Amino acid sequence: MATESPASPDSPDSLDAAERRTWRRPTAFRNRYTKWAVYGAVLALVVWSVASLWITPGRFISGLGYGYELIDSMLPPETGSENIARLVDRMIETIAMAMIATVAGIAISLPVALGAAGNLSPRPTYYLSRGIISVSRAIDGLIVAIVAVIALGFGPLAGIFAISFKTIGFFSKLFAEDLEDIDMGGVEAIEATGASRFQRLVYGVVPQVVPRFAGLAVYRWDINIRSSTIVGIVGAGGLGVLLQRSYSRYEYDYVASILIAIIAVVLVAEIVSAVVRRRVQ
Amino acid sequence: MLETENLGKTYPTGDEALRDVSVTIGGREVVAMIGPSGAGKSTFVRCINRLVEPTTGSVRLDGRELTGLGEDGLRNARRDIGMVFQEYNLVERLTVMENVLSGRLGYVSNWAALRRNFPPEDIERAYELLDLVGLGDMENKRVDELSGGQRQRVGIARAVVQEPKIVLADEPTSSLDPETSRDVMELLTDIAAERDVPVVINIHEVDLAEQYADRILGLHGGELVFDGPAADLTDESKGVIYRGEEPPESPAADPDRPSNGTAGEGTPEITGNRSNAGNGRLPAED
Amino acid sequence: MTGAPPDWSRFDARERLFRVGSVVIAAAVVVGSWEWLDMSLRYVGSAPLQVGDLLGRMYPPDWAYLPNAVGPLAETIQIAVVGTIGAVLMATPVAYISAENTTPNKATYALGKLIVTVSRSVHTIVWALLFVVMFGPGALAGTVATAVRSIGFLAKLLGEEIEEIDFGQVEGVRATGASPFKLLVYGIVPQIKPALVGISVYRWDINVRAATILGFVGAGGIGVQLFQAIDSFAWRTVSALLVAILAVVLVSEGISAYARKKVR
Ligand SMILES: Nc1ncnc2c1ncn2[C@@H]1O[C@H](COP(=O)(O)OP(=O)(O)OP(=O)(O)O)[C@@H](O)[C@H]1O
Ligand SMILES: [Mg+2]
């Protein structure tokens with residue numbers, strides 16, 4: 001603009017074609033080429049995936065036919081008293097497993113969380129704890145359950161082991177974040193009184209994080225109930241055992257009853273957890 | 001030219017927010033509408049473009065009846081009415097330019113709208129307006145990065161880029177500081193003069209209204225109780241508007257007065273209805 | 001914490017009763033659970049040893065097996081990609097009817113909530129069991145299971161996002177005379193787009209993890225190999241596969257975190 005000769009300084013409104021400004025929507029990517037490259041890559045990934053997963057309309061439609069048969073054989077759900085008794089038995093086992101796994105998992109999580117709180121722990125401990133958390137979070141609970149079943153035999157102990165293991169990653173990560181958020185001023189004030197490391201923890205840190213701790217514990221308990229309903233599929237106790245057994249015997253009406261039981265347990269746990277968390281926060 | 005006739009609105013809750021409002025607004029006049037909170041100012045301007053559906057009366061813009069228009073007709077009519085909001089009502093996550101261009105949405109195809117592919121004239125016009133409102137090089141900033149005053153300028157640009165036949169502004173200054181409020185008022189009056197459109201401004205600050213408006217409408221309890229030149233807004237009429245006082249020796253405040261009643265000769269009217277009170281109130285430089 | 005009452009007890013009597021009560025109940029349930037499961041300390045105490053023993057047999061990992069795992073790992077990611085996309089497509093209308101401010105009526109609202117609840121309460125592996133019956137063993141069943149399982153999660157979070165929409169912004173566009181389609185594109189989509197992208201990418205990352213186990217019920221992915229290795233006690237292969245899974249999961253977690261940070 002500066003180099004332009006002042007051809008019509010008194011009529012700034014009359015713009016000639018050369019002065020016409022254009023506008024294109026700015027892209028969120030570095031530039032337009034990056035944008036198209038990213039879109040292209042994503043599209044290619046999707047096309048490749050659909051092709052190699054061999055997803056075709058034909059398979060889909062024939063599957064829907066079998067789906068109808070499946071639902072037909074699930075209805076009405078099994079309600080024989082003997083089967084219901086077994087169901088209730090496994091339901092209690094499911095809840096019991098979740099309870100113990102929550103307590104055990106959280107007990108182990110505490111030192112890990114402390115170690116993973118950047119403001120409270122030395123570097124080597126920090127990295128070790130973060131490593132434990134990553135591994136625990138990355139490996140699916142059912143894989144852990146299978147390994148546990150092989151090491152410890154069929155039954156609830158394997159389930160408890162697997163669920164506790166998954167609890168460590170989740171609980172330590174979130175609780176470490178809470179620990180990192182605490183007000184260090186309070187801790188330093190206690191330190192200034194000449195308190196030991198342990199005392200500092202009890203008087204400076206604990207009171208600040210108790211409500212969050214309780215909330216997280218209840219939240220994880222809720223998740224553990226969910227896991228507890230299915231680890232039995234690989235033999236680790238609870239409702240899943242029953243599900244796996246009736247499934248492999250084609251007793252689909254009983255499968256339906258078990259699924260309803262699972263949904264009920266999960267829903268009740270979710271409601272309890274929501275209510276309690278609202279009270280503690 | 002905007003004409004409303006016996007415009008009324010009763011909300012489903014039973015609140016009668018507007019009753020029998022008849023005004024004519026035309027030329028390039030700046031009309032300020034004042035009145036206490038809850039008087040029905042917002043309801044009035046929203047009834048004009050039917051963001052609120054009026055329950056009685058009619059609205060005509062350049063002779064075209066807006067009440068009773070179907071979906072398509074209403075959309076076409078809205079293209080001719082620019083609206084500026086108290087809370088800006090801009091799309092926060094879009095850029096300034098996209099917000100301004102959204103004023104042209106009524107004129108482009110769906111596909112073009114999706115691709116932000118507006119005609120060059122629209123883009124040129126948007127740039128001109130951004131220059132006018134003082135946001136010359138901010139076209140690619142996101143609105144959520146702007147200050148309140150800047151947002152309101154974008155809002156004004158969006159309304160004006162529509163090339164509307166009238167601009168409605170519902171408390172455009174209420175979220176702004178006094179200094180910025182003045183700038184915005186100046187901008188709106190400039191636009192009325194330069195673009196040759198009437199501007200209706202709902203406003204709480206009476207001093208701003210008196211300073212910038214050519215004509216003032218006063219609402220009280222949903223009724224039009226004052227309509228006259230800004231210079232004629234007396235303390236008495238303010239009492240009528242804001243406290244609902246009976247106007248001294250004026251029959252006009254009587255709500256049962258027939259709508260074709262005669263007005264005082266040349267004096268401001270304190271009245272519920274006079275449909276052409278605004279005529280001849282064009283600025284002196286016209 | 002700052003506005004603490006001046007007296008010494010931190011909570012009033014009812015609040016304290018609730019707290020003490022819930023701790024006592026929780027403790028009682030835990031003890032009861034221990035009894036019910038017939039657990040003994042000796043039995044539990046030996047668990048770490050046995051697990052340690054198994055871990056010992058896993059070392060060193062059989063890296064030479066890994067080239068065989070590339071295909072199944074790719075399939076795992078593909079299942080997550082297609083499953084997530086399918087889920088997003090199905091979850092969008094569900095979110096629309098399960099958000100209080102957009103749902104057409106009470107019945108649709110209830111339907112939306114029902115879909116969300118059922119989808120979320122049933123684990124991927126259980127969905128996979130059912131879809132294997134429908135589609136036969138293979139990745140298709142796993143993909144559909146992943147999608148169906150994700151609908152609830154996506155619809156719930158997206159629905160919450162829709163409930164937070166600022167209708168002022170929509171009204172601003174409406175006042176210009178825009179058609180419903182343009183309202184959607186200019187008034188609504190910009191408001192939910194970051195959440196939609198963020199939630200979807202996040203779910204994709206969860207789905208990569210979930211897809212590693214689909215193979216246990218024959219629904220495709222790396223789980224097929226893993227299960228075979230476990231079945232034949234090839235523990236060093238198992239550990240190599242676990243490390244590979246760990247790597248893939250961590251990388252997808254990184255991609256997901258990066259993408260979510262970029263979108264706003
Ligand atoms: N959506 C609505 N539903 C029911 N009643 C409403 C609605 N909007 C406004 N009202 C009522 O209509 C009357 C006029 O409201 P309106 O918003 O038009 O007033 P206003 O003059 O703009 O007030 P303010 O200066 O506070 O913005 C009030 O009594 C209000 O309670
Ligand atoms: Mg208002």
# chains A, B, ... in the order shown; residues from 1 in each chain; ligands from 1
>>> residues_near_ligand(ligand="ligand 2", cutoff="8 Å", atoms="only C-alpha atoms and all ligand atoms", output="list in words")
Ser37, Gly38, Gly40, Lys41, Ser42, Thr43, Asp170, Glu171 and Asn202 of chain B
>>> write_last_selection(atoms="C-alpha atoms", output="PDB file, in the first residue's frame")
ATOM      1  CA  SER B  37     -36.337  -2.861  32.785  1.00  0.00           C
ATOM      2  CA  GLY B  38     -39.148  -5.134  31.730  1.00  0.00           C
ATOM      3  CA  GLY B  40     -40.860  -4.519  26.626  1.00  0.00           C
ATOM      4  CA  LYS B  41     -38.024  -2.946  24.643  1.00  0.00           C
ATOM      5  CA  SER B  42     -36.408  -6.241  23.714  1.00  0.00           C
ATOM      6  CA  THR B  43     -39.780  -7.729  22.990  1.00  0.00           C
ATOM      7  CA  ASP B 170     -30.996  -4.308  21.475  1.00  0.00           C
ATOM      8  CA  GLU B 171     -28.996  -2.610  24.213  1.00  0.00           C
ATOM      9  CA  ASN B 202     -32.820   0.037  22.773  1.00  0.00           C
TER      10      ASN B 202
END
>>> interface_residues(of="chain A", to="chain C", cutoff="7 Å", atoms="only C-alpha atoms", output="number ranges by chain")
A: 46, 49-50, 53, 55, 63-64, 66-67, 93, 96, 99-100, 138-140, 142-143, 151-152, 263, 266
>>> residues_near_ligand(ligand="ligand 1", cutoff="12 Å", atoms="only C-alpha atoms and all ligand atoms", output="JSON, numbers by chain")
{"B": [8, 9, 10, 11, 12, 13, 14, 15, 16, 17, 18, 19, 33, 34, 35, 36, 37, 38, 39, 40, 41, 42, 43, 44, 45, 46, 47, 51, 52, 53, 54, 85, 86, 87, 169, 170, 171, 172, 173, 174, 175, 201, 202, 203, 204, 205, 217, 218, 219, 220, 221, 222, 223, 224, 241, 242]}
>>> select_by_dssp(residues="segment 9-192 of chain B", states="alpha helix (DSSP H)", output="ChimeraX atom specification")
/B:41-48,71-79,96-101,110-114,120-132,148-161,178-192
>>> atom_distance(atom1="atom CA of Ser257 of chain A", atom2="atom CA of Pro77 of chain A")
5.1 Å
>>> interface_residues(of="chain B", to="chain A", cutoff="7 Å", atoms="only C-alpha atoms", output="PDB file with N, CA, C and O atoms, in the first residue's frame")
ATOM      1  N   ARG B 116     -17.434 -21.747   3.029  1.00  0.00           N
ATOM      2  CA  ARG B 116     -17.061 -20.341   3.270  1.00  0.00           C
ATOM      3  C   ARG B 116     -16.688 -19.664   1.965  1.00  0.00           C
ATOM      4  O   ARG B 116     -15.764 -18.861   1.900  1.00  0.00           O
ATOM      5  N   PRO B 120     -16.912 -12.469  -4.259  1.00  0.00           N
ATOM      6  CA  PRO B 120     -15.894 -11.447  -3.972  1.00  0.00           C
ATOM      7  C   PRO B 120     -16.491 -10.131  -3.500  1.00  0.00           C
ATOM      8  O   PRO B 120     -15.903  -9.455  -2.663  1.00  0.00           O
ATOM      9  N   ILE B 123     -17.008 -10.270   0.150  1.00  0.00           N
ATOM     10  CA  ILE B 123     -15.762 -10.213   0.904  1.00  0.00           C
ATOM     11  C   ILE B 123     -15.226  -8.790   0.917  1.00  0.00           C
ATOM     12  O   ILE B 123     -14.805  -8.276   1.956  1.00  0.00           O
ATOM     13  N   GLU B 124     -15.324  -8.153  -0.239  1.00  0.00           N
ATOM     14  CA  GLU B 124     -14.877  -6.765  -0.320  1.00  0.00           C
ATOM     15  C   GLU B 124     -15.683  -5.888   0.633  1.00  0.00           C
ATOM     16  O   GLU B 124     -15.141  -5.077   1.386  1.00  0.00           O
ATOM     17  N   ASN B 140      -8.885 -12.443  10.640  1.00  0.00           N
ATOM     18  CA  ASN B 140      -8.656 -13.861  10.920  1.00  0.00           C
ATOM     19  C   ASN B 140      -8.494 -14.169  12.406  1.00  0.00           C
ATOM     20  O   ASN B 140      -8.084 -15.257  12.778  1.00  0.00           O
TER      21      ASN B 140
END
>>> interface_residues(of="chain B", to="chain C", cutoff="7 Å", atoms="only C-alpha atoms", output="PyMOL selection string")
chain B and resi 75-76+78-79+82-83+89-91+93-94+102-103+105-106+110+113-114
>>> write_last_selection(atoms="N, CA and C atoms", output="compact mmCIF listing (two decimals), in the first residue's frame")
# COMPACT_ATOMS: atom_id res chain seq x y z
N ARG B 75 -37.44 -15.76 6.26
CA ARG B 75 -35.97 -15.73 6.10
C ARG B 75 -35.57 -14.61 5.14
N ASN B 76 -36.33 -14.49 4.05
CA ASN B 76 -36.01 -13.42 3.10
C ASN B 76 -36.18 -12.06 3.76
N ARG B 78 -35.86 -11.38 6.91
CA ARG B 78 -34.81 -11.16 7.91
C ARG B 78 -33.52 -10.67 7.27
N ARG B 79 -33.31 -11.03 6.00
CA ARG B 79 -32.11 -10.54 5.33
C ARG B 79 -32.10 -9.02 5.29
N GLY B 82 -31.09 -5.86 9.93
CA GLY B 82 -29.85 -6.14 10.65
C GLY B 82 -30.11 -6.06 12.13
N MET B 83 -29.50 -6.98 12.89
CA MET B 83 -29.76 -6.95 14.33
C MET B 83 -28.45 -7.00 15.10
N ASN B 89 -23.92 -12.04 20.59
CA ASN B 89 -24.43 -13.20 19.86
C ASN B 89 -23.62 -13.51 18.61
N LEU B 90 -22.33 -13.40 18.73
CA LEU B 90 -21.45 -13.83 17.64
C LEU B 90 -21.09 -15.29 17.87
N VAL B 91 -20.70 -15.96 16.81
CA VAL B 91 -20.26 -17.34 16.97
C VAL B 91 -18.81 -17.30 17.45
N ARG B 93 -16.42 -19.29 18.23
CA ARG B 93 -15.29 -20.07 17.75
C ARG B 93 -15.01 -19.82 16.28
N LEU B 94 -15.74 -18.93 15.65
CA LEU B 94 -15.43 -18.61 14.26
C LEU B 94 -14.63 -17.31 14.22
N SER B 102 -21.30 -14.11 7.82
CA SER B 102 -22.54 -14.82 8.12
C SER B 102 -23.73 -13.89 7.90
N GLY B 103 -23.49 -12.58 7.85
CA GLY B 103 -24.56 -11.66 7.49
C GLY B 103 -25.03 -11.84 6.05
N LEU B 105 -25.35 -14.89 4.69
CA LEU B 105 -25.76 -16.28 4.54
C LEU B 105 -27.07 -16.43 3.76
N GLY B 106 -27.94 -15.43 3.92
CA GLY B 106 -29.23 -15.53 3.24
C GLY B 106 -29.11 -15.45 1.73
N ASN B 110 -26.19 -23.38 0.13
CA ASN B 110 -25.73 -24.17 1.27
C ASN B 110 -24.29 -24.62 1.08
N ALA B 113 -21.92 -21.87 1.52
CA ALA B 113 -21.86 -21.51 2.94
C ALA B 113 -20.96 -22.47 3.68
N LEU B 114 -21.13 -23.75 3.38
CA LEU B 114 -20.33 -24.78 4.04
C LEU B 114 -18.84 -24.55 3.78
>>> atom_distance(atom1="atom CA of Leu241 of chain C", atom2="atom CA of Ala236 of chain A")
21.7 Å
>>> residues_around(residues="segment 146-153 of chain B", least_positions_apart="3", cutoff="7 Å", atoms="only C-alpha atoms", output="ChimeraX atom specification")
/B:88,133,143,156-157,176,180
>>> write_last_selection(atoms="all heavy atoms", output="compact mmCIF listing (two decimals), in the first residue's frame")
# COMPACT_ATOMS: atom_id res chain seq x y z
N TYR B 88 -23.80 -9.56 22.06
CA TYR B 88 -23.12 -9.71 20.78
C TYR B 88 -23.69 -10.86 19.94
O TYR B 88 -23.87 -10.71 18.74
CB TYR B 88 -21.60 -9.90 20.93
CG TYR B 88 -21.02 -9.15 22.09
CD1 TYR B 88 -20.28 -9.80 23.07
CD2 TYR B 88 -21.22 -7.79 22.22
CE1 TYR B 88 -19.77 -9.10 24.16
CE2 TYR B 88 -20.72 -7.08 23.30
CZ TYR B 88 -20.00 -7.74 24.26
OH TYR B 88 -19.51 -7.07 25.32
N VAL B 133 -15.45 -0.12 11.05
CA VAL B 133 -15.64 -0.28 12.49
C VAL B 133 -14.30 -0.33 13.23
O VAL B 133 -14.27 -0.51 14.44
CB VAL B 133 -16.48 -1.52 12.84
CG1 VAL B 133 -17.84 -1.45 12.19
CG2 VAL B 133 -15.75 -2.81 12.45
N VAL B 143 -13.29 -14.76 17.36
CA VAL B 143 -14.06 -13.81 18.15
C VAL B 143 -13.80 -13.97 19.65
O VAL B 143 -13.80 -12.99 20.39
CB VAL B 143 -15.56 -13.97 17.81
CG1 VAL B 143 -16.41 -13.24 18.82
CG2 VAL B 143 -15.82 -13.43 16.43
N ILE B 156 -21.90 -5.26 14.75
CA ILE B 156 -22.45 -4.20 13.90
C ILE B 156 -22.09 -4.46 12.44
O ILE B 156 -22.94 -4.33 11.55
CB ILE B 156 -21.91 -2.83 14.38
CG1 ILE B 156 -22.51 -2.52 15.76
CG2 ILE B 156 -22.25 -1.74 13.38
CD1 ILE B 156 -21.91 -1.32 16.43
N ALA B 157 -20.85 -4.88 12.21
CA ALA B 157 -20.45 -5.17 10.84
C ALA B 157 -21.31 -6.29 10.25
O ALA B 157 -21.73 -6.23 9.09
CB ALA B 157 -18.97 -5.56 10.78
N LEU B 176 -20.78 -2.78 27.82
CA LEU B 176 -19.54 -2.06 27.51
C LEU B 176 -19.30 -0.94 28.50
O LEU B 176 -20.22 -0.45 29.16
CB LEU B 176 -19.63 -1.48 26.09
CG LEU B 176 -19.97 -2.49 25.00
CD1 LEU B 176 -20.17 -1.77 23.68
CD2 LEU B 176 -18.87 -3.52 24.88
N THR B 180 -16.38 3.10 25.51
CA THR B 180 -16.69 2.24 24.37
C THR B 180 -18.15 2.40 23.96
O THR B 180 -18.48 2.36 22.77
CB THR B 180 -16.40 0.77 24.72
OG1 THR B 180 -15.19 0.73 25.48
CG2 THR B 180 -16.24 -0.07 23.51
>>> select_by_dssp(residues="segment 160-213 of chain B", states="strand (DSSP E)", output="VMD selection string")
chain B and resid 166 to 170 199 to 202
>>> decode(residues="segment 149-177 of chain A", atoms="N, CA, C and O atoms", output="JSON list (two decimals), in the first residue's frame")
[["chain", "number", "residue", "atom", "x", "y", "z"],
["A", 149, "VAL", "N", -5.21, -65.93, 35.87],
["A", 149, "VAL", "CA", -5.87, -67.23, 35.97],
["A", 149, "VAL", "C", -4.84, -68.34, 35.82],
["A", 149, "VAL", "O", -4.87, -69.35, 36.52],
["A", 150, "ILE", "N", -3.90, -68.12, 34.91],
["A", 150, "ILE", "CA", -2.90, -69.16, 34.70],
["A", 150, "ILE", "C", -1.95, -69.26, 35.89],
["A", 150, "ILE", "O", -1.60, -70.35, 36.35],
["A", 151, "ALA", "N", -1.58, -68.10, 36.45],
["A", 151, "ALA", "CA", -0.66, -68.13, 37.58],
["A", 151, "ALA", "C", -1.34, -68.59, 38.85],
["A", 151, "ALA", "O", -0.74, -69.32, 39.66],
["A", 152, "LEU", "N", -2.59, -68.20, 39.08],
["A", 152, "LEU", "CA", -3.23, -68.41, 40.37],
["A", 152, "LEU", "C", -4.38, -69.40, 40.31],
["A", 152, "LEU", "O", -4.99, -69.70, 41.34],
["A", 153, "GLY", "N", -4.73, -69.90, 39.15],
["A", 153, "GLY", "CA", -5.84, -70.82, 39.03],
["A", 153, "GLY", "C", -7.15, -70.08, 38.84],
["A", 153, "GLY", "O", -7.24, -68.87, 39.05],
["A", 154, "PHE", "N", -8.19, -70.85, 38.43],
["A", 154, "PHE", "CA", -9.52, -70.26, 38.25],
["A", 154, "PHE", "C", -10.04, -69.72, 39.57],
["A", 154, "PHE", "O", -9.64, -70.20, 40.63],
["A", 155, "GLY", "N", -10.95, -68.74, 39.50],
["A", 155, "GLY", "CA", -11.60, -68.27, 40.71],
["A", 155, "GLY", "C", -11.38, -66.80, 40.98],
["A", 155, "GLY", "O", -10.64, -66.12, 40.28],
["A", 156, "PRO", "N", -12.04, -66.33, 42.04],
["A", 156, "PRO", "CA", -12.06, -64.90, 42.32],
["A", 156, "PRO", "C", -10.68, -64.30, 42.59],
["A", 156, "PRO", "O", -10.48, -63.11, 42.32],
["A", 157, "LEU", "N", -9.74, -65.08, 43.11],
["A", 157, "LEU", "CA", -8.45, -64.47, 43.44],
["A", 157, "LEU", "C", -7.81, -63.87, 42.19],
["A", 157, "LEU", "O", -7.27, -62.76, 42.22],
["A", 158, "ALA", "N", -7.91, -64.60, 41.06],
["A", 158, "ALA", "CA", -7.34, -64.08, 39.82],
["A", 158, "ALA", "C", -8.04, -62.80, 39.42],
["A", 158, "ALA", "O", -7.40, -61.83, 38.99],
["A", 159, "GLY", "N", -9.36, -62.78, 39.59],
["A", 159, "GLY", "CA", -10.11, -61.58, 39.25],
["A", 159, "GLY", "C", -9.68, -60.41, 40.13],
["A", 159, "GLY", "O", -9.46, -59.29, 39.64],
["A", 160, "ILE", "N", -9.55, -60.68, 41.42],
["A", 160, "ILE", "CA", -9.13, -59.62, 42.34],
["A", 160, "ILE", "C", -7.76, -59.09, 41.95],
["A", 160, "ILE", "O", -7.52, -57.89, 41.94],
["A", 161, "PHE", "N", -6.88, -60.03, 41.59],
["A", 161, "PHE", "CA", -5.54, -59.61, 41.18],
["A", 161, "PHE", "C", -5.62, -58.68, 39.98],
["A", 161, "PHE", "O", -5.04, -57.59, 39.96],
["A", 162, "ALA", "N", -6.38, -59.10, 38.98],
["A", 162, "ALA", "CA", -6.45, -58.31, 37.74],
["A", 162, "ALA", "C", -7.07, -56.94, 38.01],
["A", 162, "ALA", "O", -6.57, -55.91, 37.53],
["A", 163, "ILE", "N", -8.13, -56.92, 38.76],
["A", 163, "ILE", "CA", -8.82, -55.63, 39.00],
["A", 163, "ILE", "C", -7.94, -54.72, 39.85],
["A", 163, "ILE", "O", -7.86, -53.51, 39.61],
["A", 164, "SER", "N", -7.27, -55.29, 40.84],
["A", 164, "SER", "CA", -6.37, -54.47, 41.66],
["A", 164, "SER", "C", -5.28, -53.87, 40.78],
["A", 164, "SER", "O", -4.92, -52.70, 40.91],
["A", 165, "PHE", "N", -4.75, -54.70, 39.88],
["A", 165, "PHE", "CA", -3.67, -54.23, 39.00],
["A", 165, "PHE", "C", -4.14, -53.04, 38.18],
["A", 165, "PHE", "O", -3.42, -52.04, 38.05],
["A", 166, "LYS", "N", -5.36, -53.12, 37.63],
["A", 166, "LYS", "CA", -5.87, -52.01, 36.83],
["A", 166, "LYS", "C", -6.16, -50.78, 37.71],
["A", 166, "LYS", "O", -6.02, -49.65, 37.26],
["A", 167, "THR", "N", -6.55, -51.06, 38.96],
["A", 167, "THR", "CA", -6.84, -49.94, 39.87],
["A", 167, "THR", "C", -5.59, -49.09, 40.09],
["A", 167, "THR", "O", -5.66, -47.86, 40.19],
["A", 168, "ILE", "N", -4.45, -49.76, 40.16],
["A", 168, "ILE", "CA", -3.21, -49.03, 40.47],
["A", 168, "ILE", "C", -2.97, -47.91, 39.46],
["A", 168, "ILE", "O", -2.73, -46.76, 39.84],
["A", 169, "GLY", "N", -3.06, -48.25, 38.19],
["A", 169, "GLY", "CA", -2.76, -47.24, 37.17],
["A", 169, "GLY", "C", -3.71, -46.07, 37.22],
["A", 169, "GLY", "O", -3.30, -44.90, 37.22],
["A", 170, "PHE", "N", -4.98, -46.37, 37.32],
["A", 170, "PHE", "CA", -6.00, -45.33, 37.32],
["A", 170, "PHE", "C", -5.90, -44.46, 38.57],
["A", 170, "PHE", "O", -5.80, -43.24, 38.49],
["A", 171, "PHE", "N", -5.92, -45.12, 39.70],
["A", 171, "PHE", "CA", -5.98, -44.38, 40.95],
["A", 171, "PHE", "C", -4.71, -43.57, 41.19],
["A", 171, "PHE", "O", -4.77, -42.40, 41.55],
["A", 172, "SER", "N", -3.57, -44.21, 40.95],
["A", 172, "SER", "CA", -2.31, -43.49, 41.20],
["A", 172, "SER", "C", -2.22, -42.27, 40.30],
["A", 172, "SER", "O", -1.78, -41.21, 40.74],
["A", 173, "LYS", "N", -2.62, -42.41, 39.04],
["A", 173, "LYS", "CA", -2.49, -41.27, 38.12],
["A", 173, "LYS", "C", -3.33, -40.10, 38.60],
["A", 173, "LYS", "O", -2.84, -38.97, 38.74],
["A", 174, "LEU", "N", -4.61, -40.37, 38.86],
["A", 174, "LEU", "CA", -5.49, -39.26, 39.23],
["A", 174, "LEU", "C", -5.15, -38.72, 40.61],
["A", 174, "LEU", "O", -5.18, -37.51, 40.85],
["A", 175, "PHE", "N", -4.81, -39.63, 41.54],
["A", 175, "PHE", "CA", -4.51, -39.15, 42.88],
["A", 175, "PHE", "C", -3.19, -38.37, 42.88],
["A", 175, "PHE", "O", -3.06, -37.37, 43.60],
["A", 176, "ALA", "N", -2.25, -38.79, 42.06],
["A", 176, "ALA", "CA", -0.99, -38.03, 41.96],
["A", 176, "ALA", "C", -1.27, -36.61, 41.47],
["A", 176, "ALA", "O", -0.67, -35.66, 41.95],
["A", 177, "GLU", "N", -2.23, -36.49, 40.52],
["A", 177, "GLU", "CA", -2.57, -35.14, 40.06],
["A", 177, "GLU", "C", -3.12, -34.29, 41.19],
["A", 177, "GLU", "O", -2.81, -33.10, 41.31]]
